[in-house]
Amino acid sequence: MQNSEYRYMTKVRDAALLAFMVLGVICSVFAQDSTKHESDAQTQKEILAVDNERYEAMKNRDMAAMDRLHADGLVFINTKGRMLNKAEYLEEVRSGALKFLSVETDDYHFYTYGDTVIMSGRAKSVVEYHGLVNKKPRRFTSVFIKMQGQWRLVAHQATLIADE
Amino acid sequence: MGNKVGLMCQVLLLFAASFLLVCSSAGQAEQGDKSVLQTENEMLKIEQARDQVLQQRDVALLDQIYSDQLVFVNTRGHLFTKAQRLADLGAGKVEYFSYNQDGYVYDVYGDTVVMTGQTSSVVKFQGRSINSRGSSPMST
């Protein structure tokens, strides 16, 4: 093989190697991105399942499930701006002071930060609170953290939507 | 005699090991308390900076403080993204005349902090003055 032909072949080989490397990096980035989307989608499913479980537990006053699904440091702020800790919130459910007559939620948004998920949504659920029925739509923000393999609600705030 | 000395040595070793374990646990607890306290101080500094920046409408600084995935729900129950929030502040659609917070409660979960407090503020929102009081949690 002549020198010029050898040099040409070497260049072609190097270019091919570089192209493969670039392709490899691109594929790896796409694979990571796709894995992240799948993992986020999986996390969202888990959070929705936990939230549905929470509503079921509230409706059935299943206090063992309520205890499991809420973190000990729960901060719960209702539409009246009242802040309740876990013991106070669970007592409202147990005593029947807080009752969900129907559950209707939509417009979910999820923000995942590792083992922390912020979920925002809109609720049109009908709630009886200390004898008064509230049908007003509200925007809620919930923070879930995975603790010992279980997603738990650590913070929740509900705000009435003024114009709906 | 030899058995007694051996037993004494074992008891002393056990005692020393227990003492070390207790010291280590106490040290870790103190370290944990300091770390939580430091996190709370960091959060408070950020929150106080945010209070100032909101009143000064310093959008560039707010851009640094807010996460790109910000979820902001105002007292009327409207949801805003970071871009919407910064645009409203920049355009003067939201103006804070006073913004006071107190009654902070912190819950630290590793890199996540839930901070709750009470706010009393005088805000102009889309041309209307609003005096508001409320409680709000924040998570980072």
# chains A, B, ... in the order shown; residues from 1 in each chain; ligands from 1
$ select_by_dssp --residues "range 14-125 of chain B" --states "strand (DSSP E)" --output "count of residues only"
34
$ interface_residues --of "chain A" --to "chain B" --cutoff "12 Å" --atoms "only C-alpha atoms" --output "PyMOL selection string"
chain A and resi 71-85+107-123+136-147+152-164
$ closest_residue --among "B:Thr119, B:Ala83, B:Gly90, B:Ala60" --to "Glu47 in chain B" --atoms "only C-alpha atoms"
B:Thr119
$ residues_around --residues "Tyr129 in chain A" --least-positions-apart "4" --cutoff "9 Å" --atoms "only C-alpha atoms" --output "number ranges by chain"
A: 92, 96-100, 133-134
$ residues_around --residues "Gly149 in chain A" --least-positions-apart "5" --cutoff "12 Å" --atoms "only C-alpha atoms" --output "number ranges by chain"
A: 46, 68-69, 115
$ write_last_selection --atoms "N, CA and C atoms" --output "mmCIF file, in the first residue's frame"
data_model
loop_
_atom_site.group_PDB
_atom_site.id
_atom_site.type_symbol
_atom_site.label_atom_id
_atom_site.label_comp_id
_atom_site.auth_asym_id
_atom_site.auth_seq_id
_atom_site.Cartn_x
_atom_site.Cartn_y
_atom_site.Cartn_z
ATOM 1 N N GLU A 46 -47.120 6.068 40.884
ATOM 2 C CA GLU A 46 -47.048 5.687 42.301
ATOM 3 C C GLU A 46 -47.689 6.757 43.185
ATOM 4 N N ARG A 68 -50.089 5.366 57.960
ATOM 5 C CA ARG A 68 -49.002 4.904 57.085
ATOM 6 C C ARG A 68 -48.729 5.892 55.949
ATOM 7 N N LEU A 69 -49.773 6.541 55.451
ATOM 8 C CA LEU A 69 -49.628 7.385 54.251
ATOM 9 C C LEU A 69 -49.220 8.836 54.559
ATOM 10 N N ASP A 115 -36.265 11.660 45.620
ATOM 11 C CA ASP A 115 -37.294 11.026 46.449
ATOM 12 C C ASP A 115 -38.344 12.018 46.942
#
$ residues_around --residues "Glu53 in chain A" --least-positions-apart "3" --cutoff "9 Å" --atoms "only C-alpha atoms" --output "PDB file with C-alpha atoms, in the first residue's frame"
ATOM      1  CA  LEU A  48     -51.433   9.044  42.108  1.00  0.00           C
ATOM      2  CA  ALA A  49     -51.957   5.561  43.550  1.00  0.00           C
ATOM      3  CA  VAL A  50     -50.875   6.755  47.008  1.00  0.00           C
ATOM      4  CA  GLU A  56     -60.103   5.886  50.156  1.00  0.00           C
ATOM      5  CA  ALA A  57     -58.623   5.826  53.664  1.00  0.00           C
ATOM      6  CA  MET A  58     -60.316   9.158  54.433  1.00  0.00           C
ATOM      7  CA  ALA A  65     -53.769   3.462  56.373  1.00  0.00           C
ATOM      8  CA  MET A  66     -53.984   7.179  57.212  1.00  0.00           C
ATOM      9  CA  LEU A  69     -49.628   7.385  54.251  1.00  0.00           C
TER      10      LEU A  69
END
